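*Asks:* Right, I'll just put the structure down here and ask away after.
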Amino acid sequence: INNVSQFQALKIKNSKIIEKINYDQAQELAAMGAKVLHPYCIIPCKLKNIPIFIKNTYDPYSKQVTHIMNYNLNKTYAVTDQNNITVFNIESINMWNNYGFVYDIFKKFSKYSIDVNIITTSQFIISTTTDCSNKELLKNVFNELSEIYKVEIIYNCSIISIVGDSIK
């Protein structure tokens with residue numbers, strides 16, 4: 001796949017109804033961009049083991065339904081995408097064998113009410129993503145971080161996620 005439009009064409013062309021899925025994977029799909037269900041609405045059903053049935057609003061008499069319950073199917077359910085994501089790569093040699101730097105970095109995101117989605121770390125680099133679209137806020141946090149760290153900001157990215165059981 002060379003570009004986003006090829007991915008979107010592939011995504012739509014090969015999509016199928018998920019017949020059975022467990023609560024955790026359904027919640028992950030909802031959090032990663034599936035618009036059918038809100039991630040928080042799954043929690044009370046999971047706690048009480050209440051099955052959830054998802055039907056097509058435009059075809060309520062269809063026999064196609066997604067059943068969400070406590071399944072152990074060991075399979076891949078979906079590939080999701082989120083677009084218009086901004087990536088921050090934050091680097092410093094002072095992160096190695098040090099404490100407090102993660103707090104310092106994310107305190108700056110919190111100061112501007114910027115929600116972060118994914119965080120990866122190594123000994124010297126933290127990368128994080130956000131779907132915040134306010135360029136002024138993003139620039140403010142970039143400027144503050146740049147006072148202490150080497151920072152790269154990349155706009156207009158996409159997150160592609162594979163959701164399934166036993167994926168590491």
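In the structure tokens, chains take the letters A, B, ... in the order shown, each chain's residues start at 1, and ligands count up from 1 in the order shown.
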Env of region 108-118 of chain A: 12 Å cut, atoms = only C-alpha atoms, seq-sep filter 3 positions within chain, self excluded. Answer as a PyMOL selection string.
*Replies:* chain A and resi 31-33+82+85-89+101-105+121+126-148+158-161
*Asks:* Mind listing the helix (DSSP H, G or I) residues of region 13-160 of chain A, per DSSP on the backbone, as a ChimeraX atom specification?
*Replies:* /A:13,23-31,39-48,93-95,101-111,135-146
*Asks:* Please determine, counting only C-alpha atoms, which residue among A:Lys107, A:Lys150, A:Lys35, A:His67 has the shortest atom-to-atom distance to Ile54 (chain A).
*Replies:* A:His67
*Asks:* Pick out the closest residue to Lys48 (chain A) from this set: A:Ser92, A:Asn70, A:Gln123, A:Ser62. Count only C-alpha atoms.
*Replies:*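 Of all the options, A:Asn70 lies closest to Lys48 (chain A).
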*Asks:* Give the strand (DSSP E or B) residues of region 84-140 of chain A, as assigned by DSSP on the backbone, as a PyMOL selection string.
*Replies:* chain A and resi 84-91+119-121+125-130
*Asks:* Export, as an mmCIF file, in the first residue's frame, the selected residues with N, CA and C atoms.
*Replies:*
```cif
data_model
loop_
_atom_site.group_PDB
_atom_site.id
_atom_site.type_symbol
_atom_site.label_atom_id
_atom_site.label_comp_id
_atom_site.auth_asym_id
_atom_site.auth_seq_id
_atom_site.Cartn_x
_atom_site.Cartn_y
_atom_site.Cartn_z
ATOM 1 N N ASN A 84 -5.328 12.452 10.647
ATOM 2 C CA ASN A 84 -5.058 13.787 11.189
ATOM 3 C C ASN A 84 -4.433 13.713 12.579
ATOM 4 N N ILE A 85 -3.473 12.824 12.721
ATOM 5 C CA ILE A 85 -2.753 12.616 13.977
ATOM 6 C C ILE A 85 -1.437 13.384 13.925
ATOM 7 N N THR A 86 -1.053 13.945 15.065
ATOM 8 C CA THR A 86 0.239 14.625 15.183
ATOM 9 C C THR A 86 1.157 13.776 16.055
ATOM 10 N N VAL A 87 2.399 13.616 15.612
ATOM 11 C CA VAL A 87 3.395 12.836 16.340
ATOM 12 C C VAL A 87 4.447 13.785 16.909
ATOM 13 N N PHE A 88 4.781 13.583 18.179
ATOM 14 C CA PHE A 88 5.885 14.290 18.823
ATOM 15 C C PHE A 88 6.979 13.276 19.105
ATOM 16 N N ASN A 89 8.194 13.533 18.635
ATOM 17 C CA ASN A 89 9.375 12.743 18.994
ATOM 18 C C ASN A 89 10.230 13.629 19.896
ATOM 19 N N ILE A 90 10.412 13.214 21.132
ATOM 20 C CA ILE A 90 11.084 14.013 22.151
ATOM 21 C C ILE A 90 12.338 13.254 22.578
ATOM 22 N N GLU A 91 13.495 13.900 22.411
ATOM 23 C CA GLU A 91 14.763 13.208 22.631
ATOM 24 C C GLU A 91 15.647 13.976 23.604
ATOM 25 N N ILE A 119 1.931 6.182 23.450
ATOM 26 C CA ILE A 119 3.222 6.594 23.983
ATOM 27 C C ILE A 119 4.195 5.433 23.790
ATOM 28 N N THR A 120 5.347 5.704 23.200
ATOM 29 C CA THR A 120 6.416 4.708 23.121
ATOM 30 C C THR A 120 7.675 5.332 23.707
ATOM 31 N N THR A 121 8.478 4.499 24.347
ATOM 32 C CA THR A 121 9.694 5.021 24.963
ATOM 33 C C THR A 121 10.888 4.143 24.621
ATOM 34 N N ILE A 125 14.455 8.473 23.810
ATOM 35 C CA ILE A 125 13.382 9.098 23.022
ATOM 36 C C ILE A 125 12.020 8.661 23.544
ATOM 37 N N ILE A 126 11.119 9.636 23.629
ATOM 38 C CA ILE A 126 9.700 9.361 23.857
ATOM 39 C C ILE A 126 8.972 9.853 22.622
ATOM 40 N N SER A 127 8.130 8.993 22.058
ATOM 41 C CA SER A 127 7.267 9.393 20.944
ATOM 42 C C SER A 127 5.835 9.291 21.434
ATOM 43 N N THR A 128 5.038 10.272 21.087
ATOM 44 C CA THR A 128 3.634 10.260 21.482
ATOM 45 C C THR A 128 2.783 10.854 20.372
ATOM 46 N N THR A 129 1.526 10.447 20.351
ATOM 47 C CA THR A 129 0.607 10.936 19.327
ATOM 48 C C THR A 129 -0.563 11.642 19.986
ATOM 49 N N THR A 130 -1.170 12.527 19.224
ATOM 50 C CA THR A 130 -2.373 13.220 19.672
ATOM 51 C C THR A 130 -3.275 13.483 18.466
#
```
*Asks:* Taking into account only C-alpha atoms, which residue in the set A:Asn49, A:Asn94, A:Ser122, A:Gln64 is nearest to Tyr23 (chain A)?
*Replies:*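 Among A:Asn49, A:Asn94, A:Ser122, A:Gln64, it is A:Asn49 that comes nearest to Tyr23 (chain A).
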*Asks:* What does the structure give for the distance between CA of Val36 (chain A) and CA of Lys55 (chain A), in Å to one decimal?
*Replies:* 9.5 Å
